$ cat data_27.cif   # mmCIF, C-alpha atoms and all ligand atoms
data_final
#
loop_
_atom_site.label_atom_id
_atom_site.label_comp_id
_atom_site.auth_asym_id
_atom_site.auth_seq_id
_atom_site.Cartn_x
_atom_site.Cartn_y
_atom_site.Cartn_z
CA MET B 336 -19.22 -2.05 -7.92
CA ASP B 337 -22.42 -1.57 -9.90
CA LYS B 338 -22.57 1.97 -8.53
CA LEU B 339 -19.23 2.96 -10.09
CA PRO B 340 -20.83 4.97 -12.93
CA SER B 341 -23.16 6.84 -10.58
CA GLU B 342 -20.31 7.53 -8.14
CA LEU B 343 -18.32 9.04 -11.01
CA LYS B 344 -21.30 11.01 -12.24
CA GLN B 345 -21.81 12.53 -8.79
CA LEU B 346 -18.23 13.79 -8.97
CA GLY B 347 -18.82 15.26 -12.43
CA GLY B 348 -16.96 12.53 -14.33
CA LYS B 349 -18.52 11.48 -17.66
CA ARG B 350 -15.51 9.99 -19.55
CA PRO B 351 -13.06 8.25 -17.19
CA ILE B 352 -9.76 6.76 -18.29
CA ILE B 353 -9.25 3.38 -16.64
CA VAL B 354 -5.75 2.97 -15.19
CA THR B 355 -4.73 -0.62 -14.52
CA ASP B 356 -2.05 -3.24 -15.16
CA GLN B 357 -1.66 -6.50 -17.04
CA GLY B 358 -1.96 -8.73 -13.96
CA VAL B 359 -5.30 -7.18 -13.05
CA ALA B 360 -6.53 -7.37 -16.65
CA ARG B 361 -5.46 -11.04 -16.95
CA ALA B 362 -7.33 -11.85 -13.73
CA GLY B 363 -10.54 -10.76 -15.52
CA LEU B 364 -11.22 -7.89 -13.13
CA LEU B 365 -11.79 -5.35 -15.90
CA ASP B 366 -14.81 -7.37 -17.01
CA ILE B 367 -16.50 -6.72 -13.65
CA VAL B 368 -15.87 -3.01 -14.14
CA LYS B 369 -17.00 -2.96 -17.78
CA LYS B 370 -20.17 -4.79 -16.76
CA ALA B 371 -20.92 -1.97 -14.34
CA PHE B 372 -20.73 0.37 -17.36
CA ASN B 373 -23.38 -1.76 -19.12
CA GLY B 374 -21.34 -4.67 -20.36
CA ASN B 375 -19.56 -3.18 -23.33
CA GLY B 376 -17.74 -0.42 -21.56
CA ASN B 377 -19.59 2.19 -23.57
CA GLY B 378 -22.24 3.43 -21.17
CA ASN B 379 -25.92 3.01 -21.95
CA GLY B 380 -25.75 5.12 -25.05
CA ASN B 381 -28.22 7.77 -23.95
CA GLY B 382 -25.48 10.33 -23.57
CA SER B 383 -26.23 11.17 -19.95
CA GLU B 384 -24.43 8.25 -18.29
CA PRO B 385 -20.64 7.97 -17.84
CA THR B 386 -18.80 6.21 -20.65
CA ILE B 387 -15.33 4.62 -20.47
CA GLY B 388 -13.19 7.09 -22.42
CA ALA B 389 -10.00 5.00 -22.63
CA ILE B 390 -8.26 2.05 -20.99
CA PHE B 391 -4.55 2.10 -20.09
CA ASP B 392 -3.70 -1.43 -18.90
CA GLN B 393 0.11 -1.29 -19.02
CA VAL B 394 1.06 0.19 -15.65
CA PRO B 395 4.41 -1.40 -14.62
CA PRO B 396 5.23 -2.19 -10.96
CA ASP B 397 6.29 0.75 -8.77
CA SER B 398 4.47 3.42 -10.79
CA PRO B 399 7.23 4.81 -13.02
CA VAL B 400 6.95 8.44 -14.04
CA SER B 401 7.03 7.37 -17.72
CA ALA B 402 3.65 5.62 -17.23
CA VAL B 403 2.23 8.81 -15.68
CA HIS B 404 3.24 10.78 -18.80
CA ALA B 405 1.89 8.11 -21.19
CA ILE B 406 -1.49 8.13 -19.40
CA VAL B 407 -1.69 11.95 -19.43
CA ALA B 408 -1.26 11.77 -23.23
CA GLU B 409 -3.97 9.06 -23.60
CA TYR B 410 -6.29 11.03 -21.33
CA LYS B 411 -5.99 14.13 -23.49
CA LYS B 412 -6.17 12.26 -26.80
CA ASN B 413 -9.46 10.62 -25.75
CA ASN B 414 -11.03 13.73 -24.19
CA CYS B 415 -11.32 12.08 -20.78
CA ASP B 416 -12.48 14.05 -17.76
CA SER B 417 -11.84 11.73 -14.81
CA LEU B 418 -9.74 8.79 -13.59
CA LEU B 419 -10.73 5.28 -12.52
CA ALA B 420 -7.85 3.23 -11.08
CA ILE B 421 -8.32 -0.53 -10.77
CA GLY B 422 -5.40 -2.29 -9.12
CA GLY B 423 -2.92 -2.39 -6.30
CA GLY B 424 -0.68 0.42 -5.10
CA SER B 425 1.12 0.56 -8.45
CA ALA B 426 -2.03 1.37 -10.49
CA ILE B 427 -3.56 3.64 -7.84
CA ASP B 428 -0.36 5.63 -7.27
CA THR B 429 0.15 6.03 -11.02
CA ALA B 430 -3.38 7.46 -11.29
CA LYS B 431 -2.61 9.81 -8.40
CA GLY B 432 0.50 10.97 -10.28
CA VAL B 433 -1.66 11.57 -13.38
CA LYS B 434 -4.13 13.58 -11.30
CA ILE B 435 -1.34 15.85 -10.01
CA LYS B 436 0.25 16.19 -13.46
CA LEU B 437 -3.07 17.09 -15.12
CA ALA B 438 -3.74 19.80 -12.54
CA GLU B 439 -0.20 21.21 -12.28
CA GLU B 440 1.32 20.65 -15.70
CA SER B 441 4.44 22.65 -14.91
CA ILE B 442 5.43 20.32 -12.08
CA ASP B 443 8.24 17.82 -12.61
CA LEU B 444 7.04 14.97 -10.40
CA MET B 445 10.58 13.79 -9.77
CA ASN B 446 11.54 17.23 -8.38
CA PHE B 447 8.68 17.09 -5.90
CA LYS B 448 10.62 17.89 -2.72
CA ALA B 449 7.99 18.79 -0.12
CA VAL B 450 4.28 18.61 0.56
CA LEU B 451 2.54 20.14 -2.46
CA ARG B 452 -0.41 22.38 -1.61
CA MET B 453 -2.15 22.47 -4.94
CA THR B 454 -4.10 25.55 -5.90
CA LYS B 455 -5.68 24.26 -9.11
CA PRO B 456 -8.70 21.94 -9.05
CA THR B 457 -8.01 18.24 -9.62
CA ARG B 458 -9.98 15.81 -11.80
CA PRO B 459 -12.23 13.24 -10.07
CA LEU B 460 -10.37 10.05 -9.08
CA VAL B 461 -12.27 6.89 -8.14
CA VAL B 462 -10.24 3.82 -7.13
CA VAL B 463 -10.96 0.12 -6.73
CA PRO B 464 -8.12 -1.58 -4.79
CA THR B 465 -7.36 -5.14 -5.93
CA THR B 466 -4.70 -5.84 -3.28
CA ALA B 467 -5.30 -5.56 0.47
CA GLY B 468 -2.07 -3.88 1.43
CA THR B 469 -0.94 -0.37 0.65
CA GLY B 470 -4.06 1.53 1.75
CA SER B 471 -3.31 3.90 -1.13
CA GLU B 472 -7.09 4.19 -1.63
CA VAL B 473 -7.16 6.52 1.40
CA THR B 474 -3.65 7.94 1.74
CA SER B 475 -2.30 11.34 0.76
CA ALA B 476 0.82 9.70 -0.72
CA ALA B 477 1.77 8.51 -4.18
CA VAL B 478 4.98 6.52 -4.53
CA ILE B 479 6.39 7.24 -8.00
CA SER B 480 9.66 5.87 -9.36
CA ASP B 481 12.16 6.81 -12.04
CA PRO B 482 13.99 3.53 -12.74
CA ASP B 483 16.49 5.24 -15.08
CA LYS B 484 17.66 7.49 -12.24
CA GLY B 485 17.25 4.80 -9.55
CA ILE B 486 14.85 6.89 -7.46
CA LYS B 487 11.49 6.23 -5.83
CA LEU B 488 9.75 9.19 -4.19
CA SER B 489 6.77 9.50 -1.87
CA LEU B 490 4.83 12.48 -3.17
CA ILE B 491 2.54 13.96 -0.52
CA SER B 492 -0.32 16.37 -1.05
CA PRO B 493 -3.53 17.10 0.86
CA SER B 494 -5.33 16.84 -2.47
CA MET B 495 -3.86 13.40 -3.23
CA PRO B 496 -6.48 11.04 -1.69
CA PRO B 497 -9.01 9.65 -4.15
CA ASN B 498 -12.52 11.14 -4.07
CA THR B 499 -14.09 7.71 -3.72
CA ALA B 500 -12.77 4.19 -3.00
CA VAL B 501 -14.88 1.13 -3.74
CA ILE B 502 -13.95 -1.82 -1.50
CA ASP B 503 -15.25 -5.05 -3.04
CA PRO B 504 -13.85 -8.45 -1.93
CA ARG B 505 -14.44 -9.89 -5.42
CA MET B 506 -11.59 -7.67 -6.60
CA THR B 507 -8.99 -9.26 -4.28
CA ALA B 508 -10.27 -12.87 -4.56
CA THR B 509 -7.98 -13.50 -7.57
CA LEU B 510 -4.81 -12.31 -5.83
CA PRO B 511 -2.41 -15.31 -5.61
CA PRO B 512 -1.41 -16.61 -2.12
CA ARG B 513 2.15 -15.26 -2.17
CA LEU B 514 0.99 -11.72 -3.10
CA THR B 515 -1.90 -11.91 -0.62
CA ALA B 516 0.61 -12.70 2.12
CA SER B 517 3.09 -10.01 1.06
CA THR B 518 0.55 -7.19 0.67
CA GLY B 519 -1.21 -8.24 3.90
CA MET B 520 2.09 -7.90 5.79
CA ASP B 521 2.43 -4.38 4.35
CA ALA B 522 -0.98 -3.51 5.84
CA LEU B 523 0.03 -5.05 9.18
CA THR B 524 3.22 -2.98 9.18
CA HIS B 525 1.24 0.23 8.49
CA ALA B 526 -1.05 -0.50 11.44
CA ILE B 527 1.80 -1.37 13.83
CA GLU B 528 3.99 1.58 12.85
CA ALA B 529 1.04 3.99 13.12
CA CYS B 530 0.99 3.06 16.85
CA LEU B 531 4.71 3.68 17.42
CA GLY B 532 5.81 6.93 15.77
CA ILE B 533 6.10 10.48 17.07
CA GLN B 534 2.69 11.41 15.64
CA LYS B 535 0.93 8.52 17.42
CA ASN B 536 -2.44 9.65 18.78
CA PRO B 537 -5.64 8.05 20.15
CA ILE B 538 -7.55 8.39 16.88
CA SER B 539 -5.03 6.61 14.65
CA ASP B 540 -4.39 4.09 17.47
CA SER B 541 -8.02 2.98 17.57
CA VAL B 542 -8.22 2.55 13.80
CA ALA B 543 -4.84 0.78 13.66
CA LYS B 544 -5.73 -1.65 16.45
CA GLN B 545 -8.91 -2.64 14.63
CA ALA B 546 -6.80 -3.29 11.52
CA ILE B 547 -4.33 -5.45 13.51
CA GLU B 548 -7.17 -7.57 14.91
CA LEU B 549 -8.71 -8.08 11.46
CA ILE B 550 -5.33 -9.07 9.98
CA ALA B 551 -4.46 -11.42 12.86
CA ASN B 552 -7.80 -13.19 12.41
CA ASN B 553 -8.03 -13.26 8.61
CA LEU B 554 -4.70 -13.05 6.76
CA VAL B 555 -3.78 -16.74 7.01
CA GLU B 556 -7.28 -17.75 5.88
CA ALA B 557 -7.18 -15.30 2.92
CA VAL B 558 -3.83 -16.82 1.86
CA GLN B 559 -4.96 -20.43 2.32
CA ASN B 560 -8.44 -20.03 0.89
CA GLY B 561 -8.46 -17.08 -1.47
CA SER B 562 -12.10 -17.52 -2.46
CA ASN B 563 -13.29 -16.97 1.13
CA LEU B 564 -14.93 -13.59 0.53
CA LYS B 565 -15.47 -13.01 4.25
CA ALA B 566 -11.71 -13.20 4.89
CA ARG B 567 -11.04 -11.13 1.74
CA LEU B 568 -13.46 -8.40 2.88
CA ALA B 569 -11.91 -8.38 6.36
CA MET B 570 -8.44 -7.95 4.81
CA ALA B 571 -9.63 -5.24 2.40
CA ASN B 572 -11.18 -3.32 5.31
CA ALA B 573 -8.04 -3.86 7.40
CA ALA B 574 -5.80 -2.46 4.66
CA THR B 575 -8.03 0.61 4.32
CA LEU B 576 -8.16 1.15 8.11
CA ALA B 577 -4.37 0.77 8.32
CA GLY B 578 -4.07 3.31 5.47
CA ILE B 579 -6.25 5.78 7.39
CA ALA B 580 -4.13 5.22 10.52
CA PHE B 581 -0.73 5.71 8.91
CA SER B 582 -1.86 8.60 6.73
CA ASN B 583 -2.56 10.33 10.02
CA SER B 584 0.38 9.30 12.20
CA MET B 585 2.88 8.11 9.56
CA VAL B 586 5.17 5.07 9.37
CA THR B 587 8.61 4.68 10.91
CA MET B 588 11.88 2.70 10.76
CA VAL B 589 10.51 -0.51 9.18
CA HIS B 590 9.42 1.56 6.18
CA ALA B 591 12.68 3.54 6.18
CA LEU B 592 14.64 0.27 5.84
CA GLY B 593 12.07 -1.23 3.45
CA HIS B 594 12.08 1.79 1.11
CA SER B 595 15.89 1.64 1.00
CA LEU B 596 15.83 -2.11 0.28
CA GLY B 597 13.31 -1.44 -2.48
CA ALA B 598 15.42 1.33 -4.01
CA ILE B 599 18.79 -0.49 -3.86
CA SER B 600 17.98 -4.21 -3.92
CA HIS B 601 14.55 -4.05 -5.65
CA VAL B 602 12.84 -6.12 -2.96
CA PRO B 603 9.02 -5.82 -3.47
CA HIS B 604 7.53 -3.54 -0.82
CA GLY B 605 5.45 -6.13 1.08
CA ASP B 606 8.35 -8.63 1.10
CA ALA B 607 10.65 -5.95 2.49
CA MET B 608 8.12 -5.19 5.25
CA THR B 609 7.87 -8.89 6.12
CA ILE B 610 11.63 -9.26 6.34
CA CYS B 611 12.26 -6.05 8.31
CA LEU B 612 9.35 -6.02 10.77
CA PRO B 613 10.33 -8.21 13.78
CA ASP B 614 14.03 -7.32 14.05
CA THR B 615 13.27 -3.62 13.66
CA LEU B 616 10.63 -3.80 16.40
CA GLU B 617 13.22 -5.55 18.57
CA PHE B 618 15.72 -2.71 17.95
CA ASN B 619 13.11 -0.11 18.94
CA LYS B 620 11.72 -2.01 21.93
CA ASP B 621 13.59 0.01 24.55
CA THR B 622 11.77 3.15 23.33
CA VAL B 623 8.35 1.80 22.31
CA GLY B 624 8.01 -1.32 24.49
CA ASP B 625 4.84 -0.08 26.23
CA PHE B 626 3.16 0.60 22.88
CA LEU B 627 4.14 -2.85 21.59
CA ALA B 628 2.77 -4.43 24.80
CA ASP B 629 -0.63 -2.79 24.10
CA LEU B 630 -0.72 -4.33 20.63
CA LEU B 631 -0.68 -7.87 22.05
CA LEU B 632 -4.43 -7.54 22.77
CA PRO B 633 -5.58 -6.99 19.14
CA MET B 634 -2.90 -9.37 17.84
CA ALA B 635 -3.47 -12.37 20.13
CA GLY B 636 -6.82 -11.78 21.85
CA MET B 637 -7.92 -11.29 25.46
CA GLU B 638 -6.93 -14.72 26.75
CA VAL B 639 -3.28 -14.53 25.71
CA TYR B 640 -3.06 -10.85 26.70
CA SER B 641 -4.44 -11.39 30.21
CA GLN B 642 -2.29 -14.50 30.76
CA THR B 643 0.93 -12.68 29.81
CA ALA B 644 2.71 -10.66 32.49
CA PRO B 645 2.78 -6.93 31.57
CA ALA B 646 6.60 -6.93 31.38
CA GLU B 647 6.52 -9.75 28.84
CA ARG B 648 3.79 -8.47 26.53
CA ALA B 649 6.06 -6.57 24.13
CA ASP B 650 8.24 -9.66 23.57
CA ARG B 651 5.15 -11.83 23.19
CA PHE B 652 3.77 -9.41 20.59
CA ILE B 653 6.99 -9.57 18.55
CA GLU B 654 6.90 -13.36 18.87
CA CYS B 655 3.31 -13.38 17.49
CA VAL B 656 4.52 -11.35 14.48
CA ARG B 657 7.33 -13.88 13.92
CA GLN B 658 4.88 -16.80 14.16
CA LEU B 659 2.47 -15.22 11.67
CA ARG B 660 5.36 -14.57 9.27
CA GLN B 661 6.64 -18.14 9.59
CA LYS B 662 3.17 -19.53 8.91
CA LEU B 663 2.82 -17.33 5.80
CA HIS B 664 6.27 -18.48 4.65
CA ASP B 665 5.29 -22.13 5.11
CA ILE B 666 2.01 -21.87 3.20
CA SER B 667 2.92 -19.40 0.44
CA GLY B 668 6.73 -19.20 0.17
CA LEU B 669 6.79 -15.56 1.35
CA PRO B 670 10.48 -14.70 1.98
CA ILE B 671 11.35 -13.96 5.60
CA THR B 672 15.11 -13.41 5.27
CA LEU B 673 17.16 -11.13 3.02
CA LYS B 674 18.86 -14.25 1.63
CA GLN B 675 15.51 -15.75 0.60
CA ALA B 676 14.69 -12.42 -1.12
CA GLY B 677 17.94 -12.72 -3.09
CA VAL B 678 19.59 -9.61 -1.61
CA ASP B 679 23.33 -9.37 -2.27
CA PRO B 680 25.07 -8.88 1.13
CA ALA B 681 27.42 -6.40 -0.56
CA GLN B 682 24.44 -4.01 -0.92
CA LEU B 683 23.61 -3.86 2.80
CA GLN B 684 25.99 -0.99 3.58
CA ALA B 685 24.33 1.17 0.91
CA VAL B 686 20.85 0.25 2.25
CA ALA B 687 22.00 1.13 5.78
CA ASP B 688 23.50 4.45 4.63
CA LEU B 689 20.31 5.48 2.83
CA SER B 690 17.75 4.53 5.48
CA PRO B 691 18.28 7.26 8.15
CA SER B 692 17.53 9.93 5.53
CA ASP B 693 14.30 8.26 4.35
CA GLY B 694 11.23 10.36 5.20
CA ALA B 695 9.81 7.62 7.44
CA ALA B 696 12.92 7.69 9.69
CA PHE B 697 11.95 11.18 10.82
CA TYR B 698 8.87 9.77 12.60
CA ASN B 699 10.81 7.05 14.45
CA ARG B 700 11.14 7.84 18.18
CA LYS B 701 14.61 6.30 18.41
CA LYS B 702 17.07 8.00 16.10
CA PHE B 703 19.37 5.53 14.36
CA THR B 704 22.70 5.74 12.57
CA PRO B 705 23.76 3.88 9.42
CA ALA B 706 25.90 1.60 11.65
CA GLU B 707 22.84 0.69 13.76
CA ALA B 708 20.74 0.14 10.65
CA LEU B 709 23.46 -2.18 9.32
CA GLN B 710 23.44 -4.22 12.53
CA VAL B 711 19.66 -4.68 12.27
CA LEU B 712 19.91 -5.57 8.57
CA GLN B 713 22.58 -8.18 9.28
CA LYS B 714 20.18 -9.99 11.63
CA MET B 715 17.69 -10.28 8.78
N1 LIG A 801 0.46 5.42 -1.78
C1 LIG A 801 0.71 4.81 -0.65
O1 LIG A 801 0.28 5.26 0.41
C2 LIG A 801 1.53 3.55 -0.67
C3 LIG A 801 1.74 2.84 0.53
C4 LIG A 801 2.51 1.68 0.47
C5 LIG A 801 3.05 1.24 -0.75
N2 LIG A 801 2.84 1.97 -1.90
C6 LIG A 801 3.37 1.55 -3.21
O2 LIG A 801 2.46 0.64 -3.82
C7 LIG A 801 3.18 -0.21 -4.71
C8 LIG A 801 2.88 -1.67 -4.41
O3 LIG A 801 1.51 -1.89 -4.50
P1 LIG A 801 0.89 -3.35 -4.19
O4 LIG A 801 1.64 -3.98 -3.09
O5 LIG A 801 -0.57 -3.17 -4.03
O6 LIG A 801 1.25 -4.20 -5.49
P2 LIG A 801 1.10 -3.90 -7.09
O7 LIG A 801 0.04 -2.91 -7.35
O8 LIG A 801 2.46 -3.61 -7.61
O9 LIG A 801 0.59 -5.33 -7.59
C9 LIG A 801 1.43 -6.47 -7.45
C10 LIG A 801 1.08 -7.51 -8.51
O10 LIG A 801 -0.19 -8.07 -8.22
C11 LIG A 801 -1.00 -8.11 -9.38
N3 LIG A 801 -2.38 -8.00 -8.91
C12 LIG A 801 -2.92 -6.96 -8.23
N4 LIG A 801 -4.18 -7.25 -7.88
C13 LIG A 801 -4.45 -8.49 -8.35
C14 LIG A 801 -5.60 -9.35 -8.29
N5 LIG A 801 -6.69 -9.01 -7.60
N6 LIG A 801 -5.52 -10.55 -8.90
C15 LIG A 801 -4.39 -10.96 -9.53
N7 LIG A 801 -3.27 -10.19 -9.60
C16 LIG A 801 -3.31 -8.97 -9.02
C17 LIG A 801 -0.53 -6.94 -10.21
O11 LIG A 801 -0.82 -7.16 -11.57
C18 LIG A 801 0.97 -6.95 -9.93
O12 LIG A 801 1.61 -7.83 -10.79
C19 LIG A 801 4.66 0.11 -4.52
O13 LIG A 801 5.10 1.00 -5.53
C20 LIG A 801 4.68 0.78 -3.15
O14 LIG A 801 5.80 1.63 -2.98
C21 LIG A 801 2.07 3.09 -1.86
FE FE A 802 3.92 0.13 3.18
#
$ encode --input "data_27.cif" --output "structure tokens"
Amino acid sequence: MDKLPSELKQLGGKRPIIVTDQGVARAGLLDIVKKAFNGNGNGNGNGSEPTIGAIFDQVPPDSPVSAVHAIVAEYKKNNCDSLLAIGGGSAIDTAKGVKIKLAEESIDLMNFKAVLRMTKPTRPLVVVPTTAGTGSEVTSAAVISDPDKGIKLSLISPSMPPNTAVIDPRMTATLPPRLTASTGMDALTHAIEACLGIQKNPISDSVAKQAIELIANNLVEAVQNGSNLKARLAMANAATLAGIAFSNSMVTMVHALGHSLGAISHVPHGDAMTICLPDTLEFNKDTVGDFLADLLLPMAGMEVYSQTAPAERADRFIECVRQLRQKLHDISGLPITLKQAGVDPAQLQAVADLSPSDGAAFYNRKKFTPAEALQVLQKM
């Protein structure tokens, strides 16, 4: 963390705007960052070191486009030249939106229909993740919402990933148990889905399997004992590895259902992943059973894997996911059913109708209809 100013300087950034939210600020995490800029947030005064140009600490959840526009205005007003995002996916994705908007002013982010190949240079973006979940610190996606229009879009661009990500377990140590559990299940879902989709390949598999092993061995401990920095570092690394994996081979039906639940029923992303994961894996088992069987090894270890008959490994893997989820529910209150998440059953048809057209559905090996999606949702 102490190297933040020199990392920025190497990228040509002298006056970053800090992009963060109230939860992160209240947890005292900005103080660690300001200290890296010599305690007062104003550089060392000799004019050659980076200086904090402005702080925007009001990013709302789900990165609304209005926050992107407000930050662009602050950035310009304070003559900033770079971006430093401190936070979870909401703060990081908002900063990514700002980066795109600063480079391509004419673009309406909410009309962003395909992969944007940007021609203009982007400003340096350094990020410090404070949740261990989305992997946004390494992905080419930014999820931006427009609550007034009821839309949430995944904007994809090869120039989206941050220039530098600083992974420091002190920055996730303050994350409360319930959020640690929820964001950790998002990371687990990224790693699992990276191993199932049509773009699955040996490179993303190896990274994803390492992430699954780290999560299986450390998520419960990080939830139970948040100040265990070893478990926090393992989870932070796992989230980043899972982000690398799914940025390469993409996510599938669990995310398609989860995005739709987020858009229609406003279920937080990690909670939606937790609720959707096992039943959706079950639905897809006839197509991806062999891949699920392989994942039993990183999830449960060599002893369980070798003692389970090959034909039973996929079921055993799904059972392990259910057991982990139940344990997280018991210790943190993480919702594991749609009812616990407060979803109105009357909304399920709309969620089911939307999910097959979500971008993530394209990468699912088994094509599914709204009627099939509804059946899976009803089990949840
Ligand atoms: N870009 C991508 O590739 C990608 C992938 C998955 C999800 N997302 C998006 O990311 C967003 C969710 O991000 P998230 O799950 O990281 O949650 P978040 O950024 O919305 O943060 C959740 C809450 O935790 C608080 N918080 C964060 N870190 C904290 C800490 N260390 N201590 C105390 N409180 C802390 C925040 O203030 C906030 O209230 C969603 O919009 C989702 O769609 C993006
Ligand atoms: Fe996700």
$ closest_residue --input "data_27.cif" --among "B:Gly422, B:Gly605, B:Pro464, B:Pro633" --to "Glu548 of chain B" --atoms "only C-alpha atoms"
B:Pro633
$ residues_around --input "data_27.cif" --residues "segment 484-498 of chain B" --least-positions-apart "3" --cutoff "10 Å" --atoms "only C-alpha atoms" --output "CSV table (one decimal) with C-alpha atoms, in the frame of the given file"
chain,number,residue,atom,x,y,z
B,342,GLU,CA,-20.3,7.5,-8.1
B,343,LEU,CA,-18.3,9.0,-11.0
B,346,LEU,CA,-18.2,13.8,-9.0
B,397,ASP,CA,6.3,0.8,-8.8
B,398,SER,CA,4.5,3.4,-10.8
B,399,PRO,CA,7.2,4.8,-13.0
B,400,VAL,CA,7.0,8.4,-14.0
B,418,LEU,CA,-9.7,8.8,-13.6
B,419,LEU,CA,-10.7,5.3,-12.5
B,420,ALA,CA,-7.8,3.2,-11.1
B,427,ILE,CA,-3.6,3.6,-7.8
B,428,ASP,CA,-0.4,5.6,-7.3
B,430,ALA,CA,-3.4,7.5,-11.3
B,431,LYS,CA,-2.6,9.8,-8.4
B,432,GLY,CA,0.5,11.0,-10.3
B,434,LYS,CA,-4.1,13.6,-11.3
B,435,ILE,CA,-1.3,15.8,-10.0
B,444,LEU,CA,7.0,15.0,-10.4
B,445,MET,CA,10.6,13.8,-9.8
B,446,ASN,CA,11.5,17.2,-8.4
B,447,PHE,CA,8.7,17.1,-5.9
B,448,LYS,CA,10.6,17.9,-2.7
B,449,ALA,CA,8.0,18.8,-0.1
B,450,VAL,CA,4.3,18.6,0.6
B,451,LEU,CA,2.5,20.1,-2.5
B,452,ARG,CA,-0.4,22.4,-1.6
B,453,MET,CA,-2.2,22.5,-4.9
B,454,THR,CA,-4.1,25.6,-5.9
B,455,LYS,CA,-5.7,24.3,-9.1
B,456,PRO,CA,-8.7,21.9,-9.0
B,457,THR,CA,-8.0,18.2,-9.6
B,458,ARG,CA,-10.0,15.8,-11.8
B,459,PRO,CA,-12.2,13.2,-10.1
B,460,LEU,CA,-10.4,10.0,-9.1
B,461,VAL,CA,-12.3,6.9,-8.1
B,462,VAL,CA,-10.2,3.8,-7.1
B,471,SER,CA,-3.3,3.9,-1.1
B,472,GLU,CA,-7.1,4.2,-1.6
B,473,VAL,CA,-7.2,6.5,1.4
B,474,THR,CA,-3.6,7.9,1.7
B,475,SER,CA,-2.3,11.3,0.8
B,476,ALA,CA,0.8,9.7,-0.7
B,477,ALA,CA,1.8,8.5,-4.2
B,478,VAL,CA,5.0,6.5,-4.5
B,479,ILE,CA,6.4,7.2,-8.0
B,480,SER,CA,9.7,5.9,-9.4
B,481,ASP,CA,12.2,6.8,-12.0
B,582,SER,CA,-1.9,8.6,6.7
B,594,HIS,CA,12.1,1.8,1.1
B,595,SER,CA,15.9,1.6,1.0
B,597,GLY,CA,13.3,-1.4,-2.5
B,598,ALA,CA,15.4,1.3,-4.0
B,599,ILE,CA,18.8,-0.5,-3.9
B,693,ASP,CA,14.3,8.3,4.4
B,694,GLY,CA,11.2,10.4,5.2
B,695,ALA,CA,9.8,7.6,7.4
$ residues_around --input "data_27.cif" --residues "segment 700-702 of chain B" --least-positions-apart "3" --cutoff "10 Å" --atoms "all atoms listed in the file" --output "PDB file with C-alpha atoms, keeping the file's coordinate frame"
ATOM      1  CA  LEU B 531       4.710   3.680  17.420  1.00  0.00           C
ATOM      2  CA  GLY B 532       5.810   6.930  15.770  1.00  0.00           C
ATOM      3  CA  ILE B 533       6.100  10.480  17.070  1.00  0.00           C
ATOM      4  CA  GLN B 534       2.690  11.410  15.640  1.00  0.00           C
ATOM      5  CA  THR B 587       8.610   4.680  10.910  1.00  0.00           C
ATOM      6  CA  MET B 588      11.880   2.700  10.760  1.00  0.00           C
ATOM      7  CA  PHE B 618      15.720  -2.710  17.950  1.00  0.00           C
ATOM      8  CA  ASN B 619      13.110  -0.110  18.940  1.00  0.00           C
ATOM      9  CA  LYS B 620      11.720  -2.010  21.930  1.00  0.00           C
ATOM     10  CA  ASP B 621      13.590   0.010  24.550  1.00  0.00           C
ATOM     11  CA  THR B 622      11.770   3.150  23.330  1.00  0.00           C
ATOM     12  CA  VAL B 623       8.350   1.800  22.310  1.00  0.00           C
ATOM     13  CA  PRO B 691      18.280   7.260   8.150  1.00  0.00           C
ATOM     14  CA  ALA B 696      12.920   7.690   9.690  1.00  0.00           C
ATOM     15  CA  PHE B 697      11.950  11.180  10.820  1.00  0.00           C
ATOM     16  CA  GLU B 707      22.840   0.690  13.760  1.00  0.00           C
TER      17      GLU B 707
END
$ closest_residue --input "data_27.cif" --among "B:Leu596, B:Val359, B:Met570, B:Ala543" --to "ligand LIG 801 (chain A)" --atoms "all atoms listed in the file"
B:Val359
$ atom_distance --input "data_27.cif" --atom1 "atom CA of Ala508 of chain B" --atom2 "atom CA of Asn563 of chain B"
7.6 Å
$ closest_residue --input "data_27.cif" --among "B:Pro705, B:Gly668, B:Gly561, B:Gly423" --to "ligand FE 802 (chain A)" --atoms "all atoms listed in the file"
B:Gly423
$ closest_residue --input "data_27.cif" --among "B:Leu627, B:Val368, B:Ile547, B:Ala607" --to "ligand FE 802 (chain A)" --atoms "only C-alpha atoms and all ligand atoms"
B:Ala607
$ closest_atom_pairs --input "data_27.cif" --of "chain B" --to "ligand FE 802 (chain A)" --cutoff "10 Å" --atoms "all atoms listed in the file" --output "Markdown table"
| residue | atom | partner | partner_atom | distance |
| --- | --- | --- | --- | --- |
| B:Gly424 | CA | A:FE802 | FE | 9.5 |
| B:Gly468 | CA | A:FE802 | FE | 7.4 |
| B:Thr469 | CA | A:FE802 | FE | 5.5 |
| B:Gly470 | CA | A:FE802 | FE | 8.2 |
| B:Ser471 | CA | A:FE802 | FE | 9.2 |
| B:Thr518 | CA | A:FE802 | FE | 8.4 |
| B:Gly519 | CA | A:FE802 | FE | 9.8 |
| B:Met520 | CA | A:FE802 | FE | 8.6 |
| B:Asp521 | CA | A:FE802 | FE | 4.9 |
| B:Ala522 | CA | A:FE802 | FE | 6.7 |
| B:Leu523 | CA | A:FE802 | FE | 8.8 |
| B:Thr524 | CA | A:FE802 | FE | 6.8 |
| B:His525 | CA | A:FE802 | FE | 5.9 |
| B:Ala526 | CA | A:FE802 | FE | 9.7 |
| B:Glu528 | CA | A:FE802 | FE | 9.8 |
| B:Ala577 | CA | A:FE802 | FE | 9.8 |
| B:Gly578 | CA | A:FE802 | FE | 8.9 |
| B:Phe581 | CA | A:FE802 | FE | 9.3 |
| B:Val586 | CA | A:FE802 | FE | 8.0 |
| B:Val589 | CA | A:FE802 | FE | 8.9 |
| B:His590 | CA | A:FE802 | FE | 6.4 |
| B:Ala591 | CA | A:FE802 | FE | 9.9 |
| B:Gly593 | CA | A:FE802 | FE | 8.3 |
| B:His594 | CA | A:FE802 | FE | 8.6 |
| B:His604 | CA | A:FE802 | FE | 6.5 |
| B:Gly605 | CA | A:FE802 | FE | 6.8 |
| B:Ala607 | CA | A:FE802 | FE | 9.1 |
| B:Met608 | CA | A:FE802 | FE | 7.1 |
